[in-house]
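Asker: Below is the structure I would like to discuss, written out as structure tokens.
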Amino acid sequence: MAEPLRICITGGAGQIAYSLLYSICKGDVFGSNQPLTLLLLDIQPMMAVFGRCSDGTAGLCLFLCYKVDIVSTADPKIAFKNIDVAILVGAMPRKEGMERKDLLKANAKIFVEQGKALNEVAKKTVKVLVVGNPANTNCMVAQLNAPSIPATNFTCLTRLDMNRAKAQIASRLGTRVEQVKNVIIWGNHSSTQYPDVNHGVVDLGNGPVSIREAVKDDNWLNGDFVKTVQKRGAAIIAARKLSSAMSAAKAICDHMRDWWFGTPEGEIVSMGVVSDGSYGLPQGIVYSYPLTIGPNHKWEIKQDLDH
């Protein structure tokens with residue numbers, strides 16, 4: 001069998017991780033034949049979650065299978081030791097009425113510490129996905145505190161916004177989400193993002209056509225569609241009083257699977273990455289671009305798109 005991949009998930013006792021673990025363990029992300037070692041990092045008071053239930057079974061017994069070993073810890077240097085993948089979920093959660101900028105003070109401290117720990121003990125090839133909000137800023141903070149790891153190894157999650165945008169288009173047209181391709185998220189995972197359908201296509205059974213041609217309603221695409229995607233997270237929190245844990249977990253899986261195995265020919269995906277100056281953006285900020293991903297987990301920004 002292949003060597004186990006060492007994967008750290010922070011916020012390992014939280015709601016997103018609880019939805020995420022099942023898909024990772026059963027092979028939806030890294031392949032069904034890939035052994036895994038999962039290192040679950042959380043704060044000390046949450047360690048009891050990883051313990052034993054009142055009936056004597058393990059608290060995470062659902063995920064204990066022959067290809068997965070699980071280690072839980074409150075020490076970042078243990079959690080990040082020689083890891084191949086870091087999924088940084090753990091952060092102060094966004095609550096009703098909060099913008100992501102409100103989270104910055106509390107969460108910046110977390111990602112300073114985690115960036116330094118990654119720099120010290122993780123593999124230099126580690127692939128880092130930042131989920132905790134504000135994801136773009138937290139990703140930049142972690143990356144700046146891990147100077148020995150290539151900046152291209154740090155990404156943040158905007159796949160959730162991309163999935164939401166595709167779902168809105170699919171619902172409007174009465175088709176499946178998989179038939180909608182190449183929707184782009186520019187900017188931040190926040191209400192300032194721009195969900196861009198101008199390069200997207202949809203296949204309604206007679207081959208791909210542009211999304212604008214299929215929808216035939218520019219007022220909706222330029223108005224309510226954009227606002228719905230931008231504000232979707234806030235709407236879910238208002239309805240549930242909790243964030244969208246299951247759809248976030250699905251987006252994490254989609255993001256990591258494409259980063260690991262590459263994008264299909266002719267398709268682009270959106271990921272927050274460290275800007276190289278493309279499209280006139282300042283270098284060094286973390287910004288969601290359209291990407292293609294090739295062999296060896298190497299991504300490239302799709303260039304020369306009208307915007």
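Each chain in the structure tokens gets a letter, A, B, ..., in the order shown, and its residues are numbered from 1; ligands are numbered from 1 in order too.
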Could you name the residues that touch A:Ala245 at 7 Å or less, counting only C-alpha atoms, but leaving out those on the same chain fewer than 3 positions away, as a list in words?
Answerer: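 Neighbouring residues, sequence-local ones excluded: Gln15, Ile16, Ser19, Ala248 and Ala249 of chain A.
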Asker: Store the residues picked out above in a file with N, CA, C and O atoms, as a PDB file, in the first residue's frame.
Answerer:
ATOM      1  N   GLN A  15     -18.081  21.658  13.965  1.00  0.00           N
ATOM      2  CA  GLN A  15     -19.148  21.183  13.092  1.00  0.00           C
ATOM      3  C   GLN A  15     -18.680  20.959  11.659  1.00  0.00           C
ATOM      4  O   GLN A  15     -19.091  19.982  11.025  1.00  0.00           O
ATOM      5  N   ILE A  16     -17.838  21.838  11.130  1.00  0.00           N
ATOM      6  CA  ILE A  16     -17.357  21.632   9.763  1.00  0.00           C
ATOM      7  C   ILE A  16     -16.509  20.371   9.695  1.00  0.00           C
ATOM      8  O   ILE A  16     -16.667  19.544   8.792  1.00  0.00           O
ATOM      9  N   SER A  19     -18.520  17.170   9.588  1.00  0.00           N
ATOM     10  CA  SER A  19     -19.054  16.858   8.263  1.00  0.00           C
ATOM     11  C   SER A  19     -17.946  16.471   7.289  1.00  0.00           C
ATOM     12  O   SER A  19     -18.166  15.681   6.366  1.00  0.00           O
ATOM     13  N   ALA A 248     -19.916  23.891   3.526  1.00  0.00           N
ATOM     14  CA  ALA A 248     -18.499  24.257   3.639  1.00  0.00           C
ATOM     15  C   ALA A 248     -17.620  23.017   3.534  1.00  0.00           C
ATOM     16  O   ALA A 248     -16.585  23.024   2.846  1.00  0.00           O
ATOM     17  N   ALA A 249     -18.019  21.937   4.208  1.00  0.00           N
ATOM     18  CA  ALA A 249     -17.254  20.688   4.134  1.00  0.00           C
ATOM     19  C   ALA A 249     -17.214  20.153   2.702  1.00  0.00           C
ATOM     20  O   ALA A 249     -16.176  19.685   2.224  1.00  0.00           O
TER      21      ALA A 249
END
Asker: Residues at most 12 Å from stretch 71-78 of chain A, counting only C-alpha atoms, excluding those fewer than 3 positions away in the same chain, as a ChimeraX atom specification?
Answerer: /A:6-13,36-51,59-60,63-64,68,81-83,86,88,90,110-122
Asker: If you keep N, CA and C atoms, can you produce a file of those selected residues as a tab-separated table (two decimals), in the first residue's frame?
Answerer:
chain	number	residue	atom	x	y	z
A	6	ARG	N	-0.32	12.34	5.60
A	6	ARG	CA	-0.53	12.96	6.91
A	6	ARG	C	-1.31	14.26	6.70
A	7	ILE	N	-2.53	14.27	7.20
A	7	ILE	CA	-3.45	15.38	6.97
A	7	ILE	C	-3.88	15.95	8.31
A	8	CYS	N	-3.65	17.24	8.50
A	8	CYS	CA	-4.10	17.91	9.71
A	8	CYS	C	-5.35	18.72	9.43
A	9	ILE	N	-6.34	18.57	10.30
A	9	ILE	CA	-7.54	19.40	10.26
A	9	ILE	C	-7.62	20.14	11.59
A	10	THR	N	-7.59	21.47	11.53
A	10	THR	CA	-7.73	22.24	12.76
A	10	THR	C	-9.21	22.51	13.02
A	11	GLY	N	-9.53	22.81	14.27
A	11	GLY	CA	-10.95	22.85	14.63
A	11	GLY	C	-11.56	21.48	14.50
A	12	GLY	N	-10.75	20.47	14.83
A	12	GLY	CA	-11.12	19.07	14.57
A	12	GLY	C	-12.34	18.59	15.31
A	13	ALA	N	-12.74	19.29	16.37
A	13	ALA	CA	-13.93	18.90	17.13
A	13	ALA	C	-15.16	19.72	16.72
A	36	LEU	N	-4.45	7.01	5.20
A	36	LEU	CA	-4.38	8.35	5.78
A	36	LEU	C	-4.00	8.30	7.24
A	37	THR	N	-3.30	9.31	7.68
A	37	THR	CA	-3.16	9.61	9.10
A	37	THR	C	-3.77	10.99	9.32
A	38	LEU	N	-4.83	11.05	10.09
A	38	LEU	CA	-5.50	12.31	10.38
A	38	LEU	C	-5.03	12.83	11.72
A	39	LEU	N	-4.59	14.07	11.72
A	39	LEU	CA	-4.17	14.74	12.95
A	39	LEU	C	-5.17	15.86	13.21
A	40	LEU	N	-5.95	15.72	14.28
A	40	LEU	CA	-7.03	16.65	14.57
A	40	LEU	C	-6.59	17.60	15.68
A	41	LEU	N	-6.51	18.87	15.33
A	41	LEU	CA	-6.05	19.90	16.28
A	41	LEU	C	-7.24	20.70	16.77
A	42	ASP	N	-7.32	20.88	18.09
A	42	ASP	CA	-8.33	21.77	18.66
A	42	ASP	C	-7.81	22.26	20.00
A	43	ILE	N	-8.54	23.17	20.62
A	43	ILE	CA	-8.11	23.71	21.90
A	43	ILE	C	-8.29	22.66	23.00
A	44	GLN	N	-7.57	22.82	24.08
A	44	GLN	CA	-7.55	21.82	25.14
A	44	GLN	C	-8.94	21.46	25.67
A	45	PRO	N	-9.85	22.44	25.89
A	45	PRO	CA	-11.17	22.06	26.42
A	45	PRO	C	-11.97	21.15	25.51
A	46	MET	N	-11.61	21.08	24.22
A	46	MET	CA	-12.34	20.22	23.28
A	46	MET	C	-11.78	18.82	23.19
A	47	MET	N	-10.71	18.53	23.92
A	47	MET	CA	-10.10	17.20	23.81
A	47	MET	C	-11.05	16.09	24.24
A	48	ALA	N	-11.99	16.41	25.13
A	48	ALA	CA	-12.94	15.39	25.58
A	48	ALA	C	-13.79	14.86	24.43
A	49	VAL	N	-14.00	15.68	23.41
A	49	VAL	CA	-14.79	15.25	22.26
A	49	VAL	C	-14.13	14.07	21.56
A	50	PHE	N	-12.81	14.03	21.60
A	50	PHE	CA	-12.07	12.95	20.95
A	50	PHE	C	-11.93	11.72	21.84
A	51	GLY	N	-12.48	11.79	23.04
A	51	GLY	CA	-12.33	10.70	24.00
A	51	GLY	C	-13.35	9.60	23.78
A	59	GLY	N	-15.19	8.31	20.76
A	59	GLY	CA	-15.97	9.46	20.33
A	59	GLY	C	-15.98	9.64	18.82
A	60	LEU	N	-14.93	9.19	18.15
A	60	LEU	CA	-14.85	9.28	16.69
A	60	LEU	C	-14.84	7.88	16.07
A	63	PHE	N	-15.17	7.01	12.27
A	63	PHE	CA	-14.12	7.27	11.30
A	63	PHE	C	-12.94	6.32	11.45
A	64	LEU	N	-13.01	5.37	12.36
A	64	LEU	CA	-11.88	4.48	12.58
A	64	LEU	C	-11.98	3.29	11.64
A	68	VAL	N	-7.22	4.44	8.05
A	68	VAL	CA	-7.13	5.75	8.69
A	68	VAL	C	-6.70	5.61	10.14
A	81	LYS	N	3.38	18.16	12.48
A	81	LYS	CA	4.65	17.46	12.29
A	81	LYS	C	4.63	16.63	11.00
A	82	ASN	N	5.48	17.00	10.05
A	82	ASN	CA	5.68	16.25	8.80
A	82	ASN	C	4.38	16.02	8.02
A	83	ILE	N	3.46	16.99	8.06
A	83	ILE	CA	2.19	16.77	7.37
A	83	ILE	C	2.31	17.10	5.88
A	86	ALA	N	-2.62	20.58	5.22
A	86	ALA	CA	-3.19	21.25	6.39
A	86	ALA	C	-4.49	21.93	5.96
A	88	LEU	N	-7.02	24.31	7.54
A	88	LEU	CA	-7.10	25.17	8.72
A	88	LEU	C	-8.53	25.71	8.86
A	90	GLY	N	-10.22	25.71	12.07
A	90	GLY	CA	-10.46	26.25	13.40
A	90	GLY	C	-10.24	27.75	13.48
A	110	ILE	N	-4.47	33.43	16.02
A	110	ILE	CA	-4.46	31.99	15.77
A	110	ILE	C	-3.57	31.66	14.58
A	111	PHE	N	-3.69	32.44	13.50
A	111	PHE	CA	-2.99	32.09	12.26
A	111	PHE	C	-1.53	32.54	12.27
A	112	VAL	N	-1.19	33.49	13.13
A	112	VAL	CA	0.23	33.76	13.38
A	112	VAL	C	0.88	32.53	14.00
A	113	GLU	N	0.27	32.00	15.05
A	113	GLU	CA	0.82	30.83	15.73
A	113	GLU	C	0.89	29.62	14.80
A	114	GLN	N	-0.18	29.40	14.03
A	114	GLN	CA	-0.19	28.23	13.17
A	114	GLN	C	0.78	28.36	12.02
A	115	GLY	N	0.94	29.58	11.48
A	115	GLY	CA	1.94	29.78	10.44
A	115	GLY	C	3.35	29.47	10.93
A	116	LYS	N	3.66	29.93	12.13
A	116	LYS	CA	4.98	29.66	12.70
A	116	LYS	C	5.21	28.18	12.94
A	117	ALA	N	4.16	27.48	13.41
A	117	ALA	CA	4.29	26.04	13.65
A	117	ALA	C	4.46	25.28	12.34
A	118	LEU	N	3.71	25.65	11.31
A	118	LEU	CA	3.88	25.03	9.99
A	118	LEU	C	5.31	25.25	9.49
A	119	ASN	N	5.80	26.45	9.65
A	119	ASN	CA	7.15	26.78	9.19
A	119	ASN	C	8.20	25.92	9.89
A	120	GLU	N	7.93	25.60	11.14
A	120	GLU	CA	8.93	24.89	11.94
A	120	GLU	C	8.90	23.38	11.72
A	121	VAL	N	7.71	22.77	11.60
A	121	VAL	CA	7.66	21.31	11.67
A	121	VAL	C	6.99	20.63	10.47
A	122	ALA	N	6.24	21.35	9.62
A	122	ALA	CA	5.57	20.71	8.49
A	122	ALA	C	6.55	20.44	7.36
Asker: Identify, with DSSP run on backbone atoms, the residues in stretch 82-171 of chain A assigned to strand (DSSP E), and express the list as a ChimeraX atom specification.
Answerer: /A:85-88,127-130,154-156
Asker: For the atom pair atom CA of A:Ala91 and atom CA of A:Ile24, what is the interatomic distance in Å to one decimal place?
Answerer: 20.5 Å
Asker: Please return, as an NGL selection string, all residues of stretch 166-305 of chain A that DSSP assigns to helix (DSSP H, G or I) on the basis of the backbone.
Answerer: :A and (166-173 or 177-179 or 211-215 or 218-222 or 224-240 or 245-261 or 278-280 or 295-297)
Asker: Selected residues, C-alpha atoms, written as a compact mmCIF listing (two decimals), in the first residue's frame, please.
Answerer:
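See again-v3.txt below for the written result:
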# COMPACT_ATOMS: atom_id res chain seq x y z
CA LYS A 166 -23.41 27.30 -9.76
CA ALA A 167 -26.35 26.14 -7.66
CA GLN A 168 -28.19 29.43 -8.28
CA ILE A 169 -27.71 29.07 -12.05
CA ALA A 170 -28.72 25.40 -12.04
CA SER A 171 -31.85 26.15 -10.02
CA ARG A 172 -32.80 28.97 -12.36
CA LEU A 173 -32.46 26.70 -15.40
CA VAL A 177 -25.18 21.70 -10.77
CA GLU A 178 -22.63 19.50 -12.59
CA GLN A 179 -23.87 20.90 -15.91
CA ILE A 211 -24.76 31.03 -19.13
CA ARG A 212 -25.98 34.44 -20.24
CA GLU A 213 -27.46 32.93 -23.41
CA ALA A 214 -29.17 30.18 -21.41
CA VAL A 215 -30.56 32.39 -18.64
CA ASP A 218 -29.13 40.04 -17.61
CA ASN A 219 -31.01 42.05 -14.99
CA TRP A 220 -31.14 38.99 -12.73
CA LEU A 221 -27.54 37.95 -13.47
CA ASN A 222 -26.25 41.45 -12.77
CA ASP A 224 -30.19 39.48 -7.54
CA PHE A 225 -27.86 36.64 -8.56
CA VAL A 226 -24.74 38.58 -7.48
CA LYS A 227 -26.32 39.77 -4.24
CA THR A 228 -27.60 36.30 -3.36
CA VAL A 229 -24.17 34.72 -3.73
CA GLN A 230 -22.46 37.56 -1.86
CA LYS A 231 -24.90 37.38 1.06
CA ARG A 232 -25.60 33.64 1.12
CA GLY A 233 -23.49 32.96 4.20
CA ALA A 234 -25.27 35.66 6.20
CA ALA A 235 -28.67 34.36 5.06
CA ILE A 236 -27.84 30.84 6.26
CA ILE A 237 -26.63 32.11 9.63
CA ALA A 238 -29.83 34.14 10.01
CA ALA A 239 -31.94 31.07 9.25
CA ARG A 240 -29.98 28.41 11.18
CA ALA A 245 -21.10 23.52 7.98
CA MET A 246 -22.15 20.81 5.55
CA SER A 247 -21.84 22.90 2.38
CA ALA A 248 -18.50 24.26 3.64
CA ALA A 249 -17.25 20.69 4.13
CA LYS A 250 -18.39 19.78 0.61
CA ALA A 251 -16.54 22.80 -0.79
CA ILE A 252 -13.37 21.87 1.12
CA CYS A 253 -13.50 18.38 -0.40
CA ASP A 254 -14.03 19.80 -3.91
CA HIS A 255 -11.15 22.27 -3.47
CA MET A 256 -8.67 19.69 -2.16
CA ARG A 257 -9.64 16.99 -4.70
CA ASP A 258 -9.05 19.37 -7.61
CA TRP A 259 -5.79 20.61 -6.09
CA TRP A 260 -4.65 17.03 -5.57
CA PHE A 261 -5.71 15.49 -8.90
CA SER A 278 -2.13 39.13 -12.40
CA TYR A 279 -5.07 41.28 -13.50
CA GLY A 280 -3.44 44.33 -11.94
CA PRO A 295 0.12 17.51 -12.52
CA ASN A 296 1.97 17.61 -9.20
CA HIS A 297 -0.66 19.90 -7.65
Asker: Hey, which of A:Gly187, A:Gly27, A:Pro134, A:Pro208 ends up closest to A:Val273? Count only C-alpha atoms.
Answerer: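 The shortest atom-to-atom distance to A:Val273 comes from A:Gly187.
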